[in-house]
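Trainee: Here it is, the structure in full.
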2 protein chains.
Amino acid sequence: MPRLSPGARRDEIIAATLRVAALKGLANTTVRDVATAMGTSSGLIHHYFASMDDVLAAAFDKAAAADLAATQAAMQSCDGAVERLSTFFASYTRLDEYSSFQMWLDAWSEARRRPALGSTSRRLNIAWQRLIATTIAGGNDVGTLRCSDPDATAWRVLSLLDGLSMQLAAHPGVIGRAVVIDWAMTALEAEVGLETGSLKRPAAMQPARSRRGA
Amino acid sequence: MPRLSPGARRDEIIAATLRVAALKGLANTTVRDVATAMGTSSGLIHHYFASMDDVLAAAFDKAAAADLAATQAAMQSCDGAVERLSTFFASYTRLDEYSSFQMWLDAWSEARRRPALGSTSRRLNIAWQRLIATTIAGGNDVGTLRCSDPDATAWRVLSLLDGLSMQLAAHPGVIGRAVVIDWAMTALEAEVGLETGSLKRPAAMQPARSRRGA
DNA sequence: ACCGCTATTGGACATACGCGCAATAACAGT
DNA sequence: ACTGTTATTGCGCGTATGTCCAATAGCGGT
C-alpha cells in the first residue's frame, strides 16, 4: 500500500517471492501468491519484472548468491586450503532448511522451461564449482594438497553432494542426513591426497553423542 | 475412438503420457495433452486413473522400470562382478535421450507435491541402488572386489552419476558428455579396490576417434 | 498550492487446469 | 435380435494462470 522507491519495492518483491517459494517451491510460486504475501496488487509485480520467469530468477539469484557469499566469506577468513575446505562443508546450508535444496531442485527441473531461471542456476552452479576449484588449486600451489585436476575434482564433489542431497530432499529417510556431508568430505580427501578424517567434520554430525549431553 | 479392453487402454494412456512427457516434461504434462496425443476425450483418462498424479506415476514407473529391467538383464548375462559393473555403465541410458533424465529430474522435483509420483521415484531409486549394491557384494564374496560397505558405495556412485547428469541436463555445455560416465566409473573403481581403467569404458566415450573411422 | 511523474490499483482477458457427470455408443452373452 | 454392461464422449464447473491496461493516488519539484 505505501508508495516505495523502485529499488525498495523490487527488493520487497524478491523477499516475498522467497517467502512463498519456501512453502510452495519455486516452480509453484505464482504472481498472485507474491502479491498476496506482499499485501499489494498483482499488477505491481509486472511493473517491475517483465515476466514471472524474471521474478523467480531474481529471487533464486538473491537466495543462492547470499548463500554463496556467506560461504565464500567464511572460507576466506580461514588460513590454509584444508581449513577452508572444512569450512566449506561446515557452512553448506542447503541441507539445513528443507526448502533450500528444494529450491535448487526446482531450479534445475525448470531450467529448460524458464530461460532466465535456467541461466541463473547455471551461473551460480558454476560459481560454486569455481569456489571449490580455486581453493584446491591454492592448496596445490603451497603444497598442502595434491590434486591433479582441481576443476574436475570440484565438479565431482559438488555433484556427489547434490546427488546425495537430492535423495535427502526427494525421498526423506532413504539415506541418513549425517552421512551426506561425511561421504562428500571423504571423497574430497581422497581426491586431494589427504588422509581420511583430515578435514574437520562439523559438530552437528555426531547428533546422538554431542546433543543430549548424557 | 475404437473401444479397447481396460488393460489395453490403460497401457495406451501410459504410452501417450510418456510420448507427451518426452516433449514437455512430466511436470507439465496435462490430462488434455494425454487425451489429445491418444486421439480420445479427456474424460477417458479419469475413467482409468483416479488422479493425474496416478497417471504420471504409472507412466514414470513404466519407463524407469523398463530401463532398470533392461540394465538388470544385460548385467546378469555377464560373468563376474567386474564385467557386470562395466555393463551397468554401458547400458546407463539416462544420458542418451535428453528427455530420459529430465523425467527423473521432474520426478524428484515433484516428489513432494505428487505423492504417487514421489513414492514411485523413491521405490525405483532404491531398486537401482540395490542392483549396484548386490553386484558389488557378489564381487566381495568371490574375492574379485574389496568393498567395505557395498550399500554406501552404491549410493555414492549413483548419486555422483545423478549429480553429474543433472548438470548435463539442466545446464548443457557446462561439463562434457563424455566425462560423466568416465568419472563415475573411476570413482567406483577406487571404492571397490580396482585399478583405474579396470572397468571397460563404453565405446561411445571416445567419440572423435572411434566414430569417423579414419 | 499547484502540477507532473510514476508507483499502485483492481480487474479484464484469454487460456489452462484437474475433475466429474449425464448421455451415448459399442461390445458380450443369451 | 435383444439386452445389460461399460468404454467413451463432450462438455461443464470451479479455479487458477501470466499478462496487460486504463484509472487512481501519492510523492517531489517549482
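Letters for chains follow the order of the C-alpha cells (A, B, ...), residue numbers begin at 1 for each chain, and ligand numbers begin at 1 in the order shown.
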Identify every residue of chain B that has at least one atom within 7 Å of any atom of chain D, counting only C-alpha atoms (C1' of nucleotides), and report the result as a PyMOL selection string.
Mentor: chain B and resi 3+41+44
Trainee: Keeping only C-alpha atoms, take the residues you just selected and write them out as a JSON list (two decimals), in the first residue's frame.
Mentor:
[["chain", "number", "residue", "atom", "x", "y", "z"],
["B", 3, "ARG", "CA", -13.39, -49.44, -27.88],
["B", 41, "SER", "CA", -11.53, -37.41, -24.97],
["B", 44, "LEU", "CA", -11.48, -41.17, -20.56]]
Trainee: Can you list every residue of chain A that has an atom at most 7 Å from chain B, with its nearest atom pair and the distance in Å to one decimal, using only C-alpha atoms, ordered by chain then number, as JSON lines?
Mentor:
{"residue": "A:Leu105", "atom": "CA", "partner": "B:Ser109", "partner_atom": "CA", "distance": 5.6}
{"residue": "A:Asp106", "atom": "CA", "partner": "B:Ser109", "partner_atom": "CA", "distance": 5.6}
{"residue": "A:Trp108", "atom": "CA", "partner": "B:Ala170", "partner_atom": "CA", "distance": 5.4}
{"residue": "A:Ser109", "atom": "CA", "partner": "B:Leu105", "partner_atom": "CA", "distance": 5.6}
{"residue": "A:Ala111", "atom": "CA", "partner": "B:Ala170", "partner_atom": "CA", "distance": 5.7}
{"residue": "A:Arg112", "atom": "CA", "partner": "B:Ala170", "partner_atom": "CA", "distance": 6.6}
{"residue": "A:Arg122", "atom": "CA", "partner": "B:His171", "partner_atom": "CA", "distance": 5.7}
{"residue": "A:Arg156", "atom": "CA", "partner": "B:Leu160", "partner_atom": "CA", "distance": 6.9}
{"residue": "A:Ser159", "atom": "CA", "partner": "B:Gly163", "partner_atom": "CA", "distance": 4.1}
{"residue": "A:Leu160", "atom": "CA", "partner": "B:Leu160", "partner_atom": "CA", "distance": 4.2}
{"residue": "A:Asp162", "atom": "CA", "partner": "B:Gly163", "partner_atom": "CA", "distance": 5.5}
{"residue": "A:Gly163", "atom": "CA", "partner": "B:Ser159", "partner_atom": "CA", "distance": 4.2}
{"residue": "A:Leu164", "atom": "CA", "partner": "B:Ser159", "partner_atom": "CA", "distance": 5.4}
{"residue": "A:Ala170", "atom": "CA", "partner": "B:Trp108", "partner_atom": "CA", "distance": 5.4}
{"residue": "A:His171", "atom": "CA", "partner": "B:Arg122", "partner_atom": "CA", "distance": 5.8}
Trainee: Would you export the selected residues with N, CA and C atoms as a JSON list (two decimals), in the first residue's frame, please?
Mentor:
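Written file, out.json:
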[["chain", "number", "residue", "atom", "x", "y", "z"],
["A", 105, "LEU", "N", 16.45, -27.84, -6.56],
["A", 105, "LEU", "CA", 15.82, -28.91, -7.32],
["A", 105, "LEU", "C", 14.82, -28.33, -8.32],
["A", 106, "ASP", "N", 14.00, -27.42, -7.85],
["A", 106, "ASP", "CA", 13.04, -26.78, -8.75],
["A", 106, "ASP", "C", 13.76, -26.01, -9.86],
["A", 108, "TRP", "N", 16.71, -26.55, -11.18],
["A", 108, "TRP", "CA", 17.26, -27.47, -12.18],
["A", 108, "TRP", "C", 16.16, -28.03, -13.07],
["A", 109, "SER", "N", 15.07, -28.40, -12.44],
["A", 109, "SER", "CA", 13.99, -29.01, -13.19],
["A", 109, "SER", "C", 13.34, -28.02, -14.16],
["A", 111, "ALA", "N", 14.84, -25.37, -15.39],
["A", 111, "ALA", "CA", 15.86, -24.63, -16.15],
["A", 111, "ALA", "C", 15.52, -24.57, -17.64],
["A", 112, "ARG", "N", 14.97, -25.66, -18.14],
["A", 112, "ARG", "CA", 14.67, -25.72, -19.57],
["A", 112, "ARG", "C", 13.46, -24.88, -19.94],
["A", 122, "ARG", "N", 22.53, -21.85, -13.76],
["A", 122, "ARG", "CA", 23.80, -22.23, -14.40],
["A", 122, "ARG", "C", 24.95, -21.38, -13.87],
["A", 156, "ARG", "N", 33.14, -33.07, -9.35],
["A", 156, "ARG", "CA", 32.75, -34.36, -8.79],
["A", 156, "ARG", "C", 32.23, -34.22, -7.37],
["A", 159, "SER", "N", 28.86, -32.51, -7.38],
["A", 159, "SER", "CA", 27.81, -33.36, -7.94],
["A", 159, "SER", "C", 27.45, -34.47, -6.98],
["A", 160, "LEU", "N", 28.45, -35.02, -6.30],
["A", 160, "LEU", "CA", 28.16, -36.04, -5.29],
["A", 160, "LEU", "C", 27.29, -35.44, -4.19],
["A", 162, "ASP", "N", 25.33, -32.87, -4.45],
["A", 162, "ASP", "CA", 23.99, -32.59, -5.00],
["A", 162, "ASP", "C", 23.17, -33.86, -5.13],
["A", 163, "GLY", "N", 23.79, -34.91, -5.63],
["A", 163, "GLY", "CA", 23.06, -36.16, -5.82],
["A", 163, "GLY", "C", 22.57, -36.74, -4.50],
["A", 164, "LEU", "N", 23.42, -36.70, -3.49],
["A", 164, "LEU", "CA", 23.02, -37.21, -2.18],
["A", 164, "LEU", "C", 21.94, -36.31, -1.56],
["A", 170, "ALA", "N", 14.14, -35.41, -1.84],
["A", 170, "ALA", "CA", 13.03, -36.00, -2.58],
["A", 170, "ALA", "C", 12.49, -37.25, -1.89],
["A", 171, "HIS", "N", 13.38, -38.01, -1.25],
["A", 171, "HIS", "CA", 12.97, -39.27, -0.63],
["A", 171, "HIS", "C", 13.44, -39.32, 0.81]]
Trainee: Taking only C-alpha atoms (C1' of nucleotides) into account, report as a short mmCIF file (atom, residue, chain, number, x, y, z; two decimals) with N, CA and C atoms, in the first residue's frame which residues of chain B lie within 12 Å of chain C.
Mentor:
data_model
loop_
_atom_site.label_atom_id
_atom_site.label_comp_id
_atom_site.auth_asym_id
_atom_site.auth_seq_id
_atom_site.Cartn_x
_atom_site.Cartn_y
_atom_site.Cartn_z
N MET B 1 -10.99 -43.62 -30.19
CA MET B 1 -12.32 -43.86 -30.76
C MET B 1 -12.71 -45.34 -30.69
N PRO B 2 -11.86 -46.29 -31.14
CA PRO B 2 -12.26 -47.70 -31.01
C PRO B 2 -12.31 -48.11 -29.55
N ARG B 3 -13.21 -49.00 -29.27
CA ARG B 3 -13.39 -49.44 -27.88
C ARG B 3 -12.34 -50.50 -27.54
N LEU B 4 -11.56 -50.24 -26.52
CA LEU B 4 -10.48 -51.16 -26.14
C LEU B 4 -10.78 -51.83 -24.81
N SER B 5 -10.06 -52.90 -24.56
CA SER B 5 -10.16 -53.55 -23.25
C SER B 5 -9.46 -52.67 -22.22
N ASN B 28 4.85 -30.94 -16.59
CA ASN B 28 3.96 -30.09 -17.39
C ASN B 28 3.02 -30.90 -18.27
N THR B 29 2.96 -32.17 -18.06
CA THR B 29 2.05 -32.99 -18.86
C THR B 29 0.65 -32.96 -18.24
N THR B 30 -0.34 -32.60 -19.03
CA THR B 30 -1.69 -32.42 -18.51
C THR B 30 -2.62 -33.51 -19.03
N VAL B 31 -3.77 -33.58 -18.41
CA VAL B 31 -4.78 -34.56 -18.83
C VAL B 31 -5.14 -34.36 -20.29
N ARG B 32 -5.33 -33.12 -20.69
CA ARG B 32 -5.73 -32.84 -22.06
C ARG B 32 -4.63 -33.17 -23.05
N ASP B 33 -3.40 -32.95 -22.65
CA ASP B 33 -2.27 -33.33 -23.51
C ASP B 33 -2.34 -34.81 -23.85
N SER B 42 -10.83 -36.30 -22.96
CA SER B 42 -10.06 -36.18 -21.73
C SER B 42 -10.74 -36.93 -20.58
N GLY B 43 -12.05 -37.06 -20.66
CA GLY B 43 -12.76 -37.76 -19.60
C GLY B 43 -12.33 -39.21 -19.46
N LEU B 44 -11.86 -39.76 -20.56
CA LEU B 44 -11.48 -41.17 -20.56
C LEU B 44 -10.34 -41.47 -19.59
N ILE B 45 -9.44 -40.53 -19.48
CA ILE B 45 -8.29 -40.76 -18.60
C ILE B 45 -8.76 -40.96 -17.15
N HIS B 46 -9.73 -40.16 -16.76
CA HIS B 46 -10.20 -40.27 -15.37
C HIS B 46 -11.09 -41.48 -15.17
N HIS B 47 -11.40 -42.17 -16.25
CA HIS B 47 -12.14 -43.41 -16.08
C HIS B 47 -11.19 -44.54 -15.67
N PHE B 49 -7.83 -43.68 -14.26
CA PHE B 49 -6.94 -43.21 -13.19
C PHE B 49 -7.70 -42.21 -12.32
N ALA B 50 -7.53 -42.38 -11.04
CA ALA B 50 -8.26 -41.52 -10.11
C ALA B 50 -7.76 -40.08 -10.16
N SER B 51 -6.49 -39.91 -10.42
CA SER B 51 -5.94 -38.55 -10.45
C SER B 51 -4.79 -38.49 -11.44
N MET B 52 -4.44 -37.29 -11.80
CA MET B 52 -3.32 -37.09 -12.72
C MET B 52 -2.02 -37.56 -12.08
N ASP B 53 -1.92 -37.41 -10.78
CA ASP B 53 -0.74 -37.91 -10.06
C ASP B 53 -0.54 -39.40 -10.36
#
Trainee: As a VMD selection string, please: every residue in chain A that a backbone DSSP assignment puts in helix (DSSP H, G or I).
Mentor: chain A and resid 6 to 24 26 to 28 31 to 38 42 to 48 52 to 76 81 to 90 93 to 95 98 to 110 115 to 142 150 to 170 177 to 191 203 to 205 207 to 211
Trainee: When you draw a straight line from atom CA of Thr120 of chain A to atom CA of Ser91 of chain A, how long is it in Å?
Mentor: 21.7 Å
Trainee: Residues within 12 Å of Ala66 of chain B, please, as a list in words. Count only C-alpha atoms (C1' of nucleotides); anything in the same chain fewer than 6 positions from it doesn't count.
Mentor: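 Near neighbours after the sequence-gap exclusion: Ala59, Phe60, Gln72, Ala73, Thr93, Arg94, Ser100, Leu124 and Trp128 of chain B.
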Trainee: So what do you get for atom CA of Asn140 of chain B versus atom CA of Ala81 of chain B, distance-wise?
Mentor: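 Atom CA of Ala81 of chain B lies 8.7 Å from atom CA of Asn140 of chain B.
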Trainee: Tell me, in Å to one decimal, how far atom CA of Gly138 of chain A is from atom CA of Pro150 of chain A.
Mentor: 9.6 Å
Trainee: Skipping near chain neighbours, those fewer than 3 positions away, what residues fall within 10 Å of Pro202 of chain A using only C-alpha atoms (C1' of nucleotides), listed as a short mmCIF file (atom, residue, chain, number, x, y, z; two decimals) with C-alpha atoms, in the first residue's frame?
Mentor:
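Saved the output as result.cif:
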data_model
loop_
_atom_site.label_atom_id
_atom_site.label_comp_id
_atom_site.auth_asym_id
_atom_site.auth_seq_id
_atom_site.Cartn_x
_atom_site.Cartn_y
_atom_site.Cartn_z
CA SER A 86 36.45 -27.86 6.12
CA THR A 87 34.67 -24.55 6.47
CA PHE A 89 31.27 -28.18 4.34
CA ALA A 90 30.50 -26.66 7.71
CA SER A 91 28.59 -23.82 6.10
CA ALA A 178 24.51 -37.25 8.65
CA ILE A 181 28.44 -34.39 4.24
CA ASP A 182 30.65 -37.11 5.69
CA LEU A 199 39.01 -32.40 7.09
CA MET A 205 27.40 -34.72 12.61
CA GLN A 206 27.53 -36.69 15.84
#
